[in-house]
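One structure below.
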Amino acid sequence: MTQSVKSRGNDHAPAPPETALPVYSTDPADFDYMATSVPCQKACPAATNIPAYIRAVYEKEYGRSYEINRAANVFPGVLGRVCSRPCEDACRHGQAELGESVAICHLKRAAADLKEPGHPFLETLFSSLGKSVAVIGAGPAGLASARDLATLGFRVTILEALDLPGGMLRYGIPEFRLPRDLLDEEIGQVLRLGIDVQYGVRVGRDVTIEGLLDRYDAVLAAAGCYRPSRLDVEGENLTGVLTGLDFMMAVNAGHPMEVGRKVLVIGAGFTAFDCARSALRLGAEDVRICLRRTEADLRVTREEVHEAKKEGILIESLMVARRIEGPDQARGVWFARSRIVPQGPGRRAKIEPIEGGDFLLAADTVINATGQTPDIIPWEKDGATSIADPGRPFASRHPRLYLAGDYQTGPTTVIEAVAGGRRAAQVIARDLTGRVFLEDQVRAEEARVTDRSRVWDFIPRQSMPAVEAVPDRLAGMAVEVETGLTPDLAHEEAKRCYLCYLHYEIDMDRCIYCRYCIDVAPRDCIRMVEAIRLNDHGGVDGYAETTDWKRVAAVVIDNGRCIRCGECLRVCPVGCITVSRVERVQRFALGGGE
């Protein structure tokens, strides 16, 4: 694919095939092209084909959109609600001069919400391989790896310490953000593949790693992070001081606790916001999230911050916990007011307490939501299984024992856990069989002339509908705050996507150098160049532009800046611009070897 582009001396991206059949490539240059041209997919840990599923939403093919998602990220409806959305940070539409990023995550949810009732879920299943894998933990990483292993023909058993599957999805995220019927539905899609789940089984107490390795061909530890981090301040053990994890697990298990009127939550992640919003629903009147840094450093989505503030939660910045006031019951927290100390270009600023800036905030309950670490599974040989083998991804130092998800990396996000679980499954499958089952490839095929209208680029981002009245929101834990895009809103938002998987290319054998395309381009994305710089993979690394007609070797479209408006295509008098659809996809490997 790349070679055909090289022969034309053009912009080195995958070329449109000469027939209607798609062309597949594993050339590193083509992956470089995809990383530049489709930044949302590059940013997604699961490499979800985002332009394809958004286009399907636009065409009102909600079931197809859902399946494009499910193939990559396993839980579209769940992630449509709780994903950290790295794709939106990378979205080209969100660049400074282009407006706001596309509501990619909301469109993922729309596909799940709007798909037809009774939508069929079809997996491509391999025949049995006669090999078995035990997965420790039924959280997002464990379930994702179990799904992939089961489809490849492995007999999979999940060992779950808790009473129900889902891990942090069920026990860490409140129901007003993630309805349990949806969670059960999408977990059921995984378990229906014949996966056996044994609940109430704690590895290290009820069974041992050694015993599992005797019974199974491989063991994957995906037990998550269930050991809360400590504040390490005086008074941390007082009554009324809770960890975010323990608080949310109690709430989500249906055993809420009394929190009093004033609640302080210390932390800056999703768990901190979940704790604060849950405390309101338990009757607290004054809830504050206390940040060591500033609101700009928060690791949550802007929508989460907006909804928390709308419900009346205060966000306090630049304060470091010193000690918790007692003597027996927590009465408040002494904080040190702090300031930001710049550390120079490329270095994160430090936080420095201001001398004499200590102050007390009163509280009936203090919730420490500063994170969790893995609870180490005992191993008879050296007491731990958490040390990875640096030479083998997802492997431990012990033969046939693998690691994935938060248990491997420490606390991350749901989408990262899913992606890690899927990659771990491929490593296990390869190690146990010597075969490569799935392969990342770049697919190019002819595309019809784009029907995107230039005016679509000016459509504002569609807001997510939500329960507006705060008392209605706080009526119960099961009241989902965000209610989902309507079909009309989803259709309008889908129009905004630039469809960056479309590849525009100029055939220099037909180009007459009229400059019409350059003049009409709304961005500086079509260039007259005398040379193209290539990287070590043979991919485009830049252009040597020129305005001297005697030195022009080609007119190229910079697909890293192109917004796929189609204006160049419409004004070209000789029809020398073609469009192809170029996608990064995962295919079953035909050869099966490494």
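Just so we're on the same page: first chain in the structure tokens is A, next is B, and so on; residues restart at 1 for each chain, and ligands are numbered from 1 in the order they show up.
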
Taking 2 positions as the minimum chain separation for residues in the same chain, which residues sit within 8 Å of Arg293 (chain A) when counting only C-alpha atoms? Answer as a PyMOL selection string.
chain A and resi 291+295+297+317-319+340+351

Filtering to C-alpha atoms, could you give me those residues as an mmCIF file, in the first residue's frame?
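Ended up saving to again27.cif:
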data_model
loop_
_atom_site.group_PDB
_atom_site.id
_atom_site.type_symbol
_atom_site.label_atom_id
_atom_site.label_comp_id
_atom_site.auth_asym_id
_atom_site.auth_seq_id
_atom_site.Cartn_x
_atom_site.Cartn_y
_atom_site.Cartn_z
ATOM 1 C CA LEU A 291 -7.483 19.811 46.138
ATOM 2 C CA GLU A 295 -9.037 22.824 39.401
ATOM 3 C CA ASP A 297 -5.095 19.916 37.281
ATOM 4 C CA SER A 317 -7.816 24.521 45.679
ATOM 5 C CA LEU A 318 -4.196 24.722 46.893
ATOM 6 C CA MET A 319 -4.588 23.156 50.310
ATOM 7 C CA ILE A 340 2.425 26.925 42.972
ATOM 8 C CA ILE A 351 3.240 22.778 45.489
#

What lies within 7 Å of Gly267 (chain A) using only C-alpha atoms, ignoring chain neighbours under 6 positions off, as an MDAnalysis selection string?
chainID A and resid 289:291 368:370

Give me the residues near Tyr199 (chain A) as a ChimeraX atom specification, where near means some atom within 12 Å (using only C-alpha atoms) and where sequence neighbours in that chain fewer than 3 positions away do not count.
/A:136-138,157-167,196,202-203,206

Selected residues written out, C-alpha atoms, as a tab-separated table (two decimals), in the first residue's frame:
chain	number	residue	atom	x	y	z
A	136	ILE	CA	-8.33	-13.47	38.95
A	137	GLY	CA	-10.85	-10.63	39.14
A	138	ALA	CA	-14.10	-9.87	37.33
A	157	THR	CA	-12.67	-19.49	34.65
A	158	ILE	CA	-12.94	-16.18	36.53
A	159	LEU	CA	-12.28	-16.15	40.27
A	160	GLU	CA	-13.99	-13.18	41.92
A	161	ALA	CA	-13.64	-12.32	45.61
A	162	LEU	CA	-16.86	-10.29	45.73
A	163	ASP	CA	-20.47	-11.38	45.29
A	164	LEU	CA	-21.08	-9.93	41.82
A	165	PRO	CA	-18.99	-9.20	38.73
A	166	GLY	CA	-17.86	-5.77	37.60
A	167	GLY	CA	-15.13	-4.82	40.04
A	196	ASP	CA	-17.36	-19.87	34.37
A	202	ARG	CA	-10.16	-14.92	47.34
A	203	VAL	CA	-6.83	-16.02	45.94
A	206	ASP	CA	-9.33	-19.87	49.49

Please identify the helix (DSSP H, G or I) residues within region 351-557 of chain A (assignment by DSSP from backbone atoms) and present them as a ChimeraX atom specification.
/A:406-409,414-433,454-458,470-473,487-495,516-520,549-551

Can you write just those residues out, C-alpha atoms, as an mmCIF file, in the first residue's frame?
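So the final result, stored in out.cif, reads:
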data_model
loop_
_atom_site.group_PDB
_atom_site.id
_atom_site.type_symbol
_atom_site.label_atom_id
_atom_site.label_comp_id
_atom_site.auth_asym_id
_atom_site.auth_seq_id
_atom_site.Cartn_x
_atom_site.Cartn_y
_atom_site.Cartn_z
ATOM 1 C CA ASP A 406 -4.836 -1.832 37.619
ATOM 2 C CA TYR A 407 -3.212 -4.793 39.348
ATOM 3 C CA GLN A 408 -0.333 -4.444 36.911
ATOM 4 C CA THR A 409 -0.168 -0.675 36.468
ATOM 5 C CA VAL A 414 -11.696 1.965 32.774
ATOM 6 C CA ILE A 415 -10.702 2.253 29.109
ATOM 7 C CA GLU A 416 -7.040 1.626 29.962
ATOM 8 C CA ALA A 417 -8.009 -1.427 32.017
ATOM 9 C CA VAL A 418 -10.090 -2.833 29.150
ATOM 10 C CA ALA A 419 -7.296 -2.226 26.655
ATOM 11 C CA GLY A 420 -4.722 -3.820 28.954
ATOM 12 C CA GLY A 421 -6.898 -6.855 29.547
ATOM 13 C CA ARG A 422 -7.353 -7.397 25.825
ATOM 14 C CA ARG A 423 -3.637 -7.078 25.111
ATOM 15 C CA ALA A 424 -2.822 -9.477 27.940
ATOM 16 C CA ALA A 425 -5.210 -12.026 26.401
ATOM 17 C CA GLN A 426 -3.308 -11.884 23.121
ATOM 18 C CA VAL A 427 0.007 -12.409 24.894
ATOM 19 C CA ILE A 428 -1.360 -15.411 26.787
ATOM 20 C CA ALA A 429 -2.843 -16.893 23.604
ATOM 21 C CA ARG A 430 0.435 -16.498 21.752
ATOM 22 C CA ASP A 431 2.524 -17.958 24.584
ATOM 23 C CA LEU A 432 0.267 -21.004 25.044
ATOM 24 C CA THR A 433 -0.190 -21.832 21.356
ATOM 25 C CA ARG A 454 -18.893 22.820 5.079
ATOM 26 C CA VAL A 455 -21.610 24.359 7.237
ATOM 27 C CA TRP A 456 -21.475 21.305 9.511
ATOM 28 C CA ASP A 457 -18.115 22.532 10.760
ATOM 29 C CA PHE A 458 -19.905 25.375 12.523
ATOM 30 C CA VAL A 470 -31.216 19.331 41.777
ATOM 31 C CA PRO A 471 -33.822 18.023 44.272
ATOM 32 C CA ASP A 472 -34.938 15.517 41.617
ATOM 33 C CA ARG A 473 -31.336 14.377 41.158
ATOM 34 C CA PRO A 487 -31.820 10.619 18.003
ATOM 35 C CA ASP A 488 -31.962 14.180 16.680
ATOM 36 C CA LEU A 489 -29.194 15.395 18.993
ATOM 37 C CA ALA A 490 -27.038 12.374 18.178
ATOM 38 C CA HIS A 491 -27.525 12.930 14.443
ATOM 39 C CA GLU A 492 -26.587 16.595 14.756
ATOM 40 C CA GLU A 493 -23.509 15.879 16.881
ATOM 41 C CA ALA A 494 -22.368 13.123 14.510
ATOM 42 C CA LYS A 495 -22.343 15.679 11.675
ATOM 43 C CA TYR A 516 -7.863 26.448 -6.821
ATOM 44 C CA CYS A 517 -7.616 23.843 -4.041
ATOM 45 C CA ILE A 518 -5.038 25.908 -2.140
ATOM 46 C CA ASP A 519 -7.133 29.055 -2.388
ATOM 47 C CA VAL A 520 -10.346 27.396 -1.196
ATOM 48 C CA TRP A 549 7.010 27.400 -9.321
ATOM 49 C CA LYS A 550 10.258 26.171 -10.815
ATOM 50 C CA ARG A 551 10.944 24.144 -7.666
#

Surrounding residues of Leu280 (chain A) excluding itself and chain neighbours under 4 positions, 9 Å, only C-alpha atoms, as a PDB file with C-alpha atoms, in the first residue's frame:
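As a result, result_13.pdb now contains:
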ATOM      1  CA  VAL A 263     -18.335  16.477  54.506  1.00  0.00           C
ATOM      2  CA  CYS A 275     -17.827  10.397  47.022  1.00  0.00           C
ATOM      3  CA  ALA A 276     -18.838  14.051  47.170  1.00  0.00           C
ATOM      4  CA  ALA A 284     -25.056  16.129  53.595  1.00  0.00           C
ATOM      5  CA  GLU A 285     -25.646  19.855  53.174  1.00  0.00           C
ATOM      6  CA  ASP A 286     -22.113  21.235  52.902  1.00  0.00           C
ATOM      7  CA  VAL A 287     -19.773  19.116  50.762  1.00  0.00           C
ATOM      8  CA  GLU A 311     -25.435  20.147  42.708  1.00  0.00           C
ATOM      9  CA  GLY A 312     -23.818  22.578  45.150  1.00  0.00           C
ATOM     10  CA  ILE A 313     -20.420  20.985  45.792  1.00  0.00           C
ATOM     11  CA  LEU A 474     -30.832  13.885  44.865  1.00  0.00           C
TER      12      LEU A 474
END

Env of Met477 (chain A): 10 Å cut, atoms = only C-alpha atoms, seq-sep filter 5 positions within chain, self excluded. Answer as a PyMOL selection string.
chain A and resi 174-177+179+251-252+254+277-278+281-282

Using only N, CA and C atoms, please write the residues we just selected to a file, as a PDB file, in the first residue's frame.
ATOM      1  N   PRO A 174     -20.904   5.150  41.353  1.00  0.00           N
ATOM      2  CA  PRO A 174     -22.290   5.191  41.855  1.00  0.00           C
ATOM      3  C   PRO A 174     -23.308   4.955  40.745  1.00  0.00           C
ATOM      4  N   GLU A 175     -24.488   4.520  41.159  1.00  0.00           N
ATOM      5  CA  GLU A 175     -25.527   4.149  40.208  1.00  0.00           C
ATOM      6  C   GLU A 175     -26.077   5.353  39.456  1.00  0.00           C
ATOM      7  N   PHE A 176     -25.981   6.559  40.037  1.00  0.00           N
ATOM      8  CA  PHE A 176     -26.498   7.725  39.317  1.00  0.00           C
ATOM      9  C   PHE A 176     -25.606   8.080  38.126  1.00  0.00           C
ATOM     10  N   ARG A 177     -24.414   7.491  38.049  1.00  0.00           N
ATOM     11  CA  ARG A 177     -23.569   7.639  36.856  1.00  0.00           C
ATOM     12  C   ARG A 177     -23.588   6.402  35.980  1.00  0.00           C
ATOM     13  N   PRO A 179     -26.002   3.042  35.551  1.00  0.00           N
ATOM     14  CA  PRO A 179     -27.133   2.187  35.950  1.00  0.00           C
ATOM     15  C   PRO A 179     -26.731   0.714  35.981  1.00  0.00           C
ATOM     16  N   VAL A 251     -21.724   2.289  49.880  1.00  0.00           N
ATOM     17  CA  VAL A 251     -22.862   2.914  49.213  1.00  0.00           C
ATOM     18  C   VAL A 251     -23.393   2.015  48.108  1.00  0.00           C
ATOM     19  N   ASN A 252     -22.487   1.504  47.286  1.00  0.00           N
ATOM     20  CA  ASN A 252     -22.908   0.716  46.128  1.00  0.00           C
ATOM     21  C   ASN A 252     -23.395  -0.678  46.505  1.00  0.00           C
ATOM     22  N   GLY A 254     -25.362  -1.043  48.931  1.00  0.00           N
ATOM     23  CA  GLY A 254     -26.648  -0.811  49.577  1.00  0.00           C
ATOM     24  C   GLY A 254     -26.568  -0.666  51.073  1.00  0.00           C
ATOM     25  N   ARG A 277     -20.544  13.608  45.507  1.00  0.00           N
ATOM     26  CA  ARG A 277     -21.917  13.615  44.995  1.00  0.00           C
ATOM     27  C   ARG A 277     -22.779  12.579  45.723  1.00  0.00           C
ATOM     28  N   SER A 278     -22.170  11.467  46.131  1.00  0.00           N
ATOM     29  CA  SER A 278     -22.914  10.473  46.905  1.00  0.00           C
ATOM     30  C   SER A 278     -23.254  11.004  48.294  1.00  0.00           C
ATOM     31  N   ARG A 281     -26.338  12.930  48.335  1.00  0.00           N
ATOM     32  CA  ARG A 281     -27.529  12.082  48.232  1.00  0.00           C
ATOM     33  C   ARG A 281     -27.810  11.356  49.536  1.00  0.00           C
ATOM     34  N   LEU A 282     -26.839  11.324  50.428  1.00  0.00           N
ATOM     35  CA  LEU A 282     -27.051  10.735  51.751  1.00  0.00           C
ATOM     36  C   LEU A 282     -27.472  11.776  52.781  1.00  0.00           C
TER      37      LEU A 282
END

Assign secondary structure with DSSP using the backbone only, and return the residues of region 117-219 of chain A in strand (DSSP E or B) as number ranges by chain.
A: 132-136, 155-160, 196-199, 203, 207, 218-219

Quick one: everything within 8 Å of His537 (chain A), counting only C-alpha atoms, minus sequence neighbours fewer than 4 positions away in the same chain. Send it as a PyMOL selection string.
chain A and resi 28-29+32

Residues within 7 Å of Val23 (chain A), only C-alpha atoms, excluding chain neighbours under 2 positions, as a list of chain:residue names:
A:Pro17, A:Leu21, A:Ser25, A:Arg443, A:Ala444, A:Glu445

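Among the candidate residues A:Tyr543, A:Tyr513, A:Phe31, A:Tyr226, the one lying nearest to Val442 (chain A) is A:Phe31, with distances computed using only C-alpha atoms.
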
Distance criterion (only C-alpha atoms): nearest to Leu191 (chain A) out of A:Gly240, A:Val74, A:Arg109, A:Lys350:
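For Leu191 (chain A), the nearest of the candidates is A:Val74.
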